[in-house]
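Colleague: Sending over entry.txt (compact mmCIF, C-alpha atoms).
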```
# COMPACT_ATOMS: atom_id res chain seq x y z
CA MET E 501 10.71 -60.29 -33.06
CA ILE E 502 11.95 -56.77 -33.74
CA PRO E 503 14.81 -56.82 -36.28
CA ILE E 504 18.05 -55.75 -34.59
CA LEU E 505 20.61 -53.91 -36.70
CA TYR E 506 24.24 -53.88 -35.56
CA THR E 507 26.09 -52.10 -38.35
CA ILE E 508 25.87 -48.65 -39.89
CA GLN E 509 25.59 -50.08 -43.40
CA GLU E 510 22.60 -52.24 -42.40
CA VAL E 511 20.78 -49.15 -41.15
CA ARG E 512 21.60 -47.08 -44.22
CA ASP E 513 20.52 -49.82 -46.63
CA ILE E 514 17.17 -50.28 -44.89
CA VAL E 515 16.51 -46.55 -44.50
CA SER E 516 17.32 -45.98 -48.18
CA LYS E 517 14.72 -48.55 -49.22
CA LEU E 518 12.13 -47.14 -46.80
CA LYS E 519 12.62 -43.60 -48.10
CA CYS E 520 12.37 -44.78 -51.70
CA ALA E 521 9.02 -46.28 -50.68
CA GLY E 522 7.93 -42.87 -49.34
CA LYS E 523 7.98 -43.88 -45.67
CA ARG E 524 8.25 -41.26 -42.94
CA ILE E 525 10.82 -42.29 -40.31
CA GLY E 526 10.78 -41.50 -36.60
CA PHE E 527 13.85 -42.07 -34.45
CA VAL E 528 14.21 -42.49 -30.68
CA PRO E 529 17.85 -42.50 -29.52
CA THR E 530 18.35 -44.14 -26.10
CA MET E 531 21.06 -45.62 -23.90
CA GLY E 532 18.83 -48.57 -23.12
CA TYR E 533 17.49 -49.88 -19.83
CA LEU E 534 14.19 -48.52 -21.02
CA HIS E 535 11.38 -47.21 -18.82
CA GLU E 536 7.97 -45.60 -19.35
CA GLY E 537 9.62 -42.29 -20.25
CA HIS E 538 11.32 -43.92 -23.23
CA ILE E 539 8.14 -45.78 -24.16
CA SER E 540 6.25 -42.46 -24.24
CA LEU E 541 8.75 -41.20 -26.84
CA VAL E 542 8.32 -44.41 -28.83
CA ASN E 543 4.53 -44.04 -28.75
CA GLU E 544 4.75 -40.46 -30.04
CA SER E 545 6.97 -41.61 -32.88
CA ILE E 546 4.60 -44.43 -33.77
CA LYS E 547 1.67 -41.99 -33.89
CA GLU E 548 3.46 -39.52 -36.12
CA ASN E 549 5.50 -41.68 -38.49
CA ASP E 550 5.26 -44.76 -40.72
CA ILE E 551 8.43 -46.36 -39.34
CA THR E 552 10.01 -46.08 -35.89
CA ILE E 553 13.66 -46.91 -35.22
CA VAL E 554 15.04 -47.04 -31.66
CA SER E 555 18.78 -46.96 -31.00
CA ILE E 556 20.25 -48.57 -27.89
CA PHE E 557 23.82 -47.44 -27.31
CA VAL E 558 25.57 -46.53 -24.06
CA ASN E 559 27.80 -43.74 -25.30
CA PRO E 560 31.20 -43.70 -23.54
CA THR E 561 32.14 -40.19 -24.69
CA GLN E 562 29.47 -38.52 -22.56
CA PHE E 563 30.72 -40.08 -19.32
CA GLY E 564 33.42 -38.25 -17.40
CA GLU E 565 36.16 -39.60 -15.19
CA ASN E 566 34.75 -41.40 -12.12
CA GLU E 567 31.25 -41.52 -13.67
CA ASP E 568 29.21 -44.69 -14.01
CA PHE E 569 29.88 -45.85 -17.61
CA SER E 570 30.97 -49.37 -16.65
CA GLN E 571 28.12 -49.74 -14.13
CA TYR E 572 25.43 -48.12 -16.28
CA PRO E 573 22.52 -50.60 -16.48
CA ARG E 574 22.35 -52.66 -19.67
CA ASP E 575 19.82 -55.37 -20.56
CA LEU E 576 19.01 -55.69 -24.26
CA LYS E 577 16.62 -58.63 -23.76
CA ARG E 578 14.65 -56.61 -21.21
CA ASP E 579 14.53 -53.63 -23.58
CA ILE E 580 13.27 -55.76 -26.45
CA SER E 581 10.57 -57.19 -24.17
CA LEU E 582 9.45 -53.71 -23.10
CA LEU E 583 9.22 -52.54 -26.71
CA ASN E 584 6.94 -55.54 -27.30
CA ASP E 585 7.22 -55.56 -31.11
CA SER E 586 5.91 -51.97 -31.21
CA VAL E 587 8.83 -50.55 -33.20
CA ASP E 588 10.12 -51.52 -36.62
CA TYR E 589 13.86 -51.70 -35.99
CA ILE E 590 16.39 -51.52 -33.16
CA PHE E 591 19.87 -50.18 -33.90
CA SER E 592 22.28 -51.58 -31.29
CA PRO E 593 25.85 -50.83 -32.37
CA SER E 594 29.03 -51.65 -30.47
CA VAL E 595 31.44 -48.96 -29.28
CA ASP E 596 33.88 -50.04 -32.01
CA THR E 597 31.15 -49.59 -34.62
CA MET E 598 30.36 -46.05 -33.48
CA TYR E 599 33.96 -45.05 -32.76
CA PRO E 600 36.35 -47.03 -35.00
CA GLY E 601 40.00 -46.06 -34.57
CA LYS E 602 41.15 -42.62 -33.49
CA ARG E 603 38.70 -39.73 -33.38
CA PHE E 604 39.62 -36.21 -34.47
CA THR E 605 36.19 -34.58 -34.72
CA GLU E 606 33.82 -33.42 -32.00
CA VAL E 607 30.64 -31.34 -32.02
CA ILE E 608 30.62 -28.47 -29.52
CA VAL E 609 27.46 -26.43 -29.01
CA ASN E 610 28.06 -23.23 -27.05
CA GLN E 611 25.55 -21.18 -25.04
CA TYR E 612 23.15 -23.95 -24.03
CA SER E 613 26.09 -26.05 -22.80
CA GLU E 614 26.82 -23.43 -20.14
CA GLY E 615 25.76 -23.95 -16.53
CA LEU E 616 23.72 -26.80 -15.05
CA CYS E 617 25.19 -30.15 -16.15
CA GLY E 618 27.65 -28.34 -18.43
CA LYS E 619 29.38 -26.96 -15.34
CA SER E 620 29.28 -30.08 -13.17
CA ARG E 621 30.02 -32.56 -15.97
CA PRO E 622 32.73 -30.98 -18.19
CA GLY E 623 32.82 -32.49 -21.68
CA HIS E 624 29.52 -34.30 -21.21
CA PHE E 625 27.58 -32.32 -23.80
CA THR E 626 30.37 -32.54 -26.36
CA GLY E 627 29.99 -36.32 -26.12
CA VAL E 628 26.20 -36.03 -26.36
CA ALA E 629 26.20 -33.66 -29.35
CA THR E 630 28.81 -35.74 -31.19
CA VAL E 631 27.02 -39.07 -30.78
CA VAL E 632 23.60 -37.60 -31.63
CA ALA E 633 25.09 -35.98 -34.76
CA LYS E 634 26.49 -39.39 -35.75
CA LEU E 635 23.20 -41.18 -35.07
CA LEU E 636 21.16 -38.63 -37.02
CA ASN E 637 23.62 -38.94 -39.88
CA ILE E 638 23.32 -42.74 -39.85
CA VAL E 639 19.53 -43.03 -39.46
CA SER E 640 18.49 -39.90 -41.43
CA PRO E 641 15.08 -39.68 -39.73
CA ASP E 642 12.32 -37.19 -40.48
CA GLN E 643 11.69 -36.69 -36.76
CA ALA E 644 13.73 -37.50 -33.64
CA TYR E 645 12.30 -37.69 -30.12
CA PHE E 646 13.89 -36.55 -26.86
CA GLY E 647 12.57 -36.22 -23.32
CA GLN E 648 12.10 -32.96 -21.43
CA LYS E 649 13.79 -34.52 -18.39
CA ASP E 650 17.11 -33.92 -20.16
CA ILE E 651 16.08 -30.40 -21.11
CA GLN E 652 19.59 -28.98 -21.49
CA GLN E 653 20.51 -31.86 -23.79
CA ALA E 654 17.35 -31.36 -25.85
CA LEU E 655 18.02 -27.63 -26.28
CA ILE E 656 21.62 -28.33 -27.31
CA ILE E 657 20.45 -30.81 -29.93
CA LYS E 658 17.81 -28.39 -31.27
CA GLN E 659 20.50 -25.71 -31.59
CA MET E 660 22.89 -28.15 -33.27
CA ILE E 661 20.40 -29.19 -35.94
CA ARG E 662 19.59 -25.50 -36.64
CA ASP E 663 23.24 -24.50 -36.89
CA LEU E 664 24.33 -27.50 -38.97
CA ASP E 665 21.19 -27.73 -41.13
CA PHE E 666 20.24 -31.29 -40.26
CA PRO E 667 17.03 -32.14 -42.19
CA VAL E 668 15.20 -33.44 -39.12
CA LYS E 669 12.53 -32.12 -36.77
CA ILE E 670 13.31 -32.45 -33.06
CA ARG E 671 10.38 -33.29 -30.80
CA ILE E 672 10.72 -32.70 -27.04
CA CYS E 673 8.17 -34.76 -25.09
CA PRO E 674 6.94 -34.30 -21.49
CA ILE E 675 8.55 -35.84 -18.42
CA ILE E 676 6.98 -39.11 -17.28
CA ARG E 677 6.89 -39.47 -13.49
CA GLU E 678 6.53 -42.27 -11.00
CA ALA E 679 3.53 -42.23 -8.66
CA ASN E 680 5.42 -40.16 -6.06
CA GLY E 681 6.48 -37.54 -8.63
CA LEU E 682 10.02 -38.79 -9.20
CA ALA E 683 11.05 -38.29 -12.82
CA MET E 684 11.61 -41.64 -14.52
CA SER E 685 15.26 -42.36 -15.26
CA SER E 686 17.37 -45.43 -15.99
CA ARG E 687 19.45 -44.44 -12.96
CA ASN E 688 16.47 -44.82 -10.61
CA VAL E 689 17.35 -48.52 -10.46
CA TYR E 690 20.32 -47.57 -8.27
CA LEU E 691 18.09 -46.04 -5.57
CA THR E 692 17.10 -47.88 -2.41
CA ASP E 693 13.42 -47.78 -1.47
CA VAL E 694 14.16 -45.06 1.09
CA GLN E 695 16.18 -43.00 -1.39
CA ARG E 696 13.47 -43.36 -4.04
CA GLU E 697 10.87 -41.96 -1.64
CA ASN E 698 13.21 -39.21 -0.41
CA ALA E 699 13.96 -38.22 -4.01
CA SER E 700 10.30 -37.31 -4.50
CA VAL E 701 11.20 -34.08 -2.66
CA ILE E 702 12.51 -32.68 -5.95
CA TYR E 703 9.08 -32.61 -7.55
CA ARG E 704 7.42 -31.52 -4.32
CA SER E 705 9.85 -28.59 -4.10
CA PHE E 706 8.90 -27.55 -7.64
CA LYS E 707 5.24 -27.53 -6.64
CA LYS E 708 6.01 -25.45 -3.56
CA ALA E 709 7.90 -22.92 -5.70
CA LEU E 710 4.97 -22.81 -8.12
CA ILE E 711 2.61 -22.02 -5.22
CA ALA E 712 4.92 -19.18 -4.16
CA LEU E 713 4.94 -17.92 -7.76
CA LYS E 714 1.15 -17.93 -7.90
CA GLN E 715 1.12 -15.96 -4.65
CA GLY E 716 3.19 -13.24 -6.27
CA GLN E 717 6.81 -14.25 -5.56
CA THR E 718 8.56 -13.54 -8.88
CA ASN E 719 12.11 -13.12 -7.55
CA ALA E 720 14.07 -16.04 -8.98
CA LYS E 721 16.60 -16.15 -6.13
CA MET E 722 13.79 -16.45 -3.60
CA LEU E 723 12.20 -19.28 -5.59
CA VAL E 724 15.55 -21.06 -5.74
CA SER E 725 15.86 -20.63 -1.96
CA THR E 726 12.41 -22.18 -1.48
CA ILE E 727 13.46 -25.25 -3.45
CA LYS E 728 16.86 -25.44 -1.78
CA ASP E 729 15.47 -25.25 1.75
CA MET E 730 12.96 -28.00 1.08
CA ILE E 731 15.49 -30.38 -0.49
CA ASN E 732 18.07 -29.72 2.23
CA ASN E 733 15.53 -30.84 4.82
CA VAL E 734 15.52 -34.36 3.39
CA GLU E 735 18.07 -36.82 4.72
CA GLY E 736 20.74 -37.89 2.26
CA ALA E 737 20.03 -35.22 -0.36
CA GLU E 738 23.15 -33.53 -1.75
CA ILE E 739 22.38 -30.64 -4.10
CA ASP E 740 24.55 -30.24 -7.20
CA TYR E 741 22.70 -27.25 -8.63
CA ILE E 742 19.40 -25.39 -8.61
CA GLU E 743 18.98 -22.81 -11.36
CA ILE E 744 16.22 -20.93 -13.13
CA ARG E 745 17.05 -19.98 -16.70
CA ASN E 746 15.26 -18.25 -19.56
CA LEU E 747 14.51 -20.93 -22.16
CA GLY E 748 14.95 -18.57 -25.09
CA THR E 749 18.20 -16.87 -24.10
CA TRP E 750 19.60 -19.35 -21.52
CA ASP E 751 20.36 -16.40 -19.24
CA ILE E 752 20.06 -16.98 -15.48
CA ALA E 753 16.71 -15.52 -14.45
CA SER E 754 16.37 -12.63 -12.03
CA THR E 755 12.60 -12.09 -12.26
CA ILE E 756 9.95 -14.45 -13.59
CA ASP E 757 7.67 -12.81 -16.15
CA THR E 758 5.53 -14.06 -19.06
CA GLN E 759 8.47 -15.58 -20.95
CA GLU E 760 9.29 -19.28 -20.65
CA TYR E 761 11.72 -20.37 -17.93
CA VAL E 762 13.08 -23.70 -16.77
CA ILE E 763 13.58 -24.55 -13.11
CA ALA E 764 16.36 -27.15 -13.22
CA VAL E 765 17.77 -29.25 -10.40
CA ALA E 766 20.43 -31.93 -9.92
CA VAL E 767 20.57 -33.78 -6.60
CA LYS E 768 22.55 -36.81 -5.43
CA PHE E 769 21.04 -39.48 -3.22
CA GLY E 770 23.87 -41.74 -2.18
CA LYS E 771 25.91 -42.30 -5.34
CA THR E 772 22.94 -41.67 -7.65
CA ARG E 773 22.73 -38.28 -9.34
CA LEU E 774 19.22 -37.30 -10.45
CA ILE E 775 18.16 -34.42 -12.66
CA ASP E 776 14.70 -32.92 -13.04
CA ASN E 777 13.07 -29.74 -14.27
CA MET E 778 9.85 -27.84 -14.68
CA ILE E 779 9.10 -25.39 -17.48
CA ILE E 780 7.00 -22.39 -16.48
CA ARG E 781 5.48 -19.31 -18.12
CA GLY E 782 4.29 -16.65 -15.72
CA ASP E 783 2.83 -18.63 -12.82
CA SER E 784 1.82 -21.72 -14.81
CA ILE E 785 3.49 -24.97 -15.87
CA VAL E 786 4.08 -25.20 -19.62
```
Will you turn the file into structure tokens for me?
Modeller:
Amino acid sequence: MIPILYTIQEVRDIVSKLKCAGKRIGFVPTMGYLHEGHISLVNESIKENDITIVSIFVNPTQFGENEDFSQYPRDLKRDISLLNDSVDYIFSPSVDTMYPGKRFTEVIVNQYSEGLCGKSRPGHFTGVATVVAKLLNIVSPDQAYFGQKDIQQALIIKQMIRDLDFPVKIRICPIIREANGLAMSSRNVYLTDVQRENASVIYRSFKKALIALKQGQTNAKMLVSTIKDMINNVEGAEIDYIEIRNLGTWDIASTIDTQEYVIAVAVKFGKTRLIDNMIIRGDSIV
């Protein structure tokens, strides 16, 4: 069985001993209800480090009013089974452990918090940056692994560790998709079979935009329109945002050139909000 750690002191004591023994530590922070996307991060950590620690913590501070914190899927036994003894430790703290008493400190990362989910979910990224800062401080890993699906989150965390001089390397790993192209997410469990199939339109719309790009359409607004029209043709799809941004500057794109850009989308199917993205350079996927 994988050892499960519940307190901050337990983690720090074990990590201290591991570092004294010269072990390289990889860390995969998650909110549980694991899927193949999470497992891909775990596998990368196992390949690149001596020890892999996975945290499972549903962070209340990144959920806004009327969001799904209380309904967010949780199943620690299932998560342990999926990890299948592949990792060395699981850190599964309670809310009281992570947030004892009143809180007076938050981590706010500007620039990359603007637009996309930063606009539609006010305060979300402050909660994300704060909890990740706490987790990195507790675990003190050499490398930490995040998925490209949450690209805005990953960029915010990379900026945070640069600005605050965290001694950790951030690794952003590719999106893992279901057979129909739908990006894997813990929230996919909320989808009906019909919604799950309809949601595949997001990835198909990316591919259609990429075809247009290869055919010479470099106007970002036209590419956004291509994606929008395709998604709007699917029953039950409610678009939150579609944006193309420069990965380096986070500016909204006007023309696609040889720099790196992200095409990012959020769409609701029923009550389930899905996000997805594709990173491109010129007319190719990165």
Colleague: Kindly indicate which residue among E:Tyr690, E:Phe706, E:Phe557, E:Trp750 lies nearest to Leu774 in chain E, using all atoms listed in the file for the distances.
Modeller: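 Among the listed residues, the smallest separation from Leu774 in chain E belongs to E:Tyr690.
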Colleague: Which residues of range 714-782 of chain E come within 10 Å of range 595-613 of chain E, and what is each one's closest atom pair and distance in Å (one decimal), counting all atoms listed in the file, sorted by chain and residue number, as JSON lines?
Modeller:
```
{"residue": "E:Leu747", "atom": "CA", "partner": "E:Tyr612", "partner_atom": "CA", "distance": 9.3}
{"residue": "E:Gly748", "atom": "CA", "partner": "E:Tyr612", "partner_atom": "CA", "distance": 9.9}
{"residue": "E:Thr749", "atom": "CA", "partner": "E:Gln611", "partner_atom": "CA", "distance": 8.6}
{"residue": "E:Trp750", "atom": "CA", "partner": "E:Tyr612", "partner_atom": "CA", "distance": 6.3}
{"residue": "E:Asp751", "atom": "CA", "partner": "E:Gln611", "partner_atom": "CA", "distance": 9.1}
```
Colleague: Around (27.0, -43.5, -23.7) in the file's own coordinates, what residues are found within 12 Å if you use all atoms listed in the file, given back as number ranges by chain?
Modeller: E: 529-532, 555-564, 567-574, 593-595, 598-599, 624-632
Colleague: Show which residues sit within 12 Å of Arg677 in chain E, as a list in words. Count all atoms listed in the file, and ignore same-chain residues fewer than 3 positions away.
Modeller: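 Those residues are His535, Glu536, Gly537, His538, Ser540, Gly647, Gln648, Lys649, Pro674, Asn680, Gly681, Leu682, Ala683, Met684, Ser685, Asn688, Ala699, Ser700, Ile702, Tyr703, Asp776 and Asn777 of chain E.
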Colleague: Store the residues picked out above in a file with C-alpha atoms, as a tab-separated table (two decimals), keeping the file's coordinate frame.
Modeller:
```tsv
chain	number	residue	atom	x	y	z
E	535	HIS	CA	11.38	-47.21	-18.82
E	536	GLU	CA	7.97	-45.60	-19.35
E	537	GLY	CA	9.62	-42.29	-20.25
E	538	HIS	CA	11.32	-43.92	-23.23
E	540	SER	CA	6.25	-42.46	-24.24
E	647	GLY	CA	12.57	-36.22	-23.32
E	648	GLN	CA	12.10	-32.96	-21.43
E	649	LYS	CA	13.79	-34.52	-18.39
E	674	PRO	CA	6.94	-34.30	-21.49
E	680	ASN	CA	5.42	-40.16	-6.06
E	681	GLY	CA	6.48	-37.54	-8.63
E	682	LEU	CA	10.02	-38.79	-9.20
E	683	ALA	CA	11.05	-38.29	-12.82
E	684	MET	CA	11.61	-41.64	-14.52
E	685	SER	CA	15.26	-42.36	-15.26
E	688	ASN	CA	16.47	-44.82	-10.61
E	699	ALA	CA	13.96	-38.22	-4.01
E	700	SER	CA	10.30	-37.31	-4.50
E	702	ILE	CA	12.51	-32.68	-5.95
E	703	TYR	CA	9.08	-32.61	-7.55
E	776	ASP	CA	14.70	-32.92	-13.04
E	777	ASN	CA	13.07	-29.74	-14.27
```
Colleague: Would you work out the distance separating CA of Val765 in chain E from CA of Tyr741 in chain E, expressed in Å to one decimal?
Modeller: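 For CA of Val765 in chain E relative to CA of Tyr741 in chain E, the distance reads 5.6 Å.
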Colleague: By how many Å are CA of Cys520 in chain E and CA of Tyr506 in chain E apart?
Modeller: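 Separating CA of Cys520 in chain E from CA of Tyr506 in chain E is a distance of 22.0 Å.
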Colleague: Out of E:Glu565, E:Val639, E:Tyr533, E:Gly618, which residue has the shortest atom-to-atom distance to Ile514 in chain E when counting only C-alpha atoms?
Modeller: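 Going through E:Glu565, E:Val639, E:Tyr533, E:Gly618 one by one, the smallest distance to Ile514 in chain E is for E:Val639.
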Colleague: Which of these, E:Ser725, E:Thr772, E:Asn584, E:Thr718, has the shortest distance to Asp757 in chain E once you count all atoms listed in the file?
Modeller: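 When distances to Asp757 in chain E are compared using all atoms listed in the file, the smallest one comes from E:Thr718.
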Colleague: Provide the CA of Glu510 in chain E to CA of Tyr589 in chain E distance in Å, to one decimal place.
Modeller: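 CA of Tyr589 in chain E lies 10.9 Å from CA of Glu510 in chain E.
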Colleague: When distances are computed from only C-alpha atoms, which of E:Asn698, E:Gln717, E:Asn549, E:Gln643 shows the smallest separation from Ile672 in chain E?
Modeller: E:Gln643
Colleague: Using only C-alpha atoms, pick whichever of E:Ile638, E:Ile651, E:Met660, E:Ile670 has the shortest atom-to-atom distance to Ile763 in chain E.
Modeller: E:Ile651
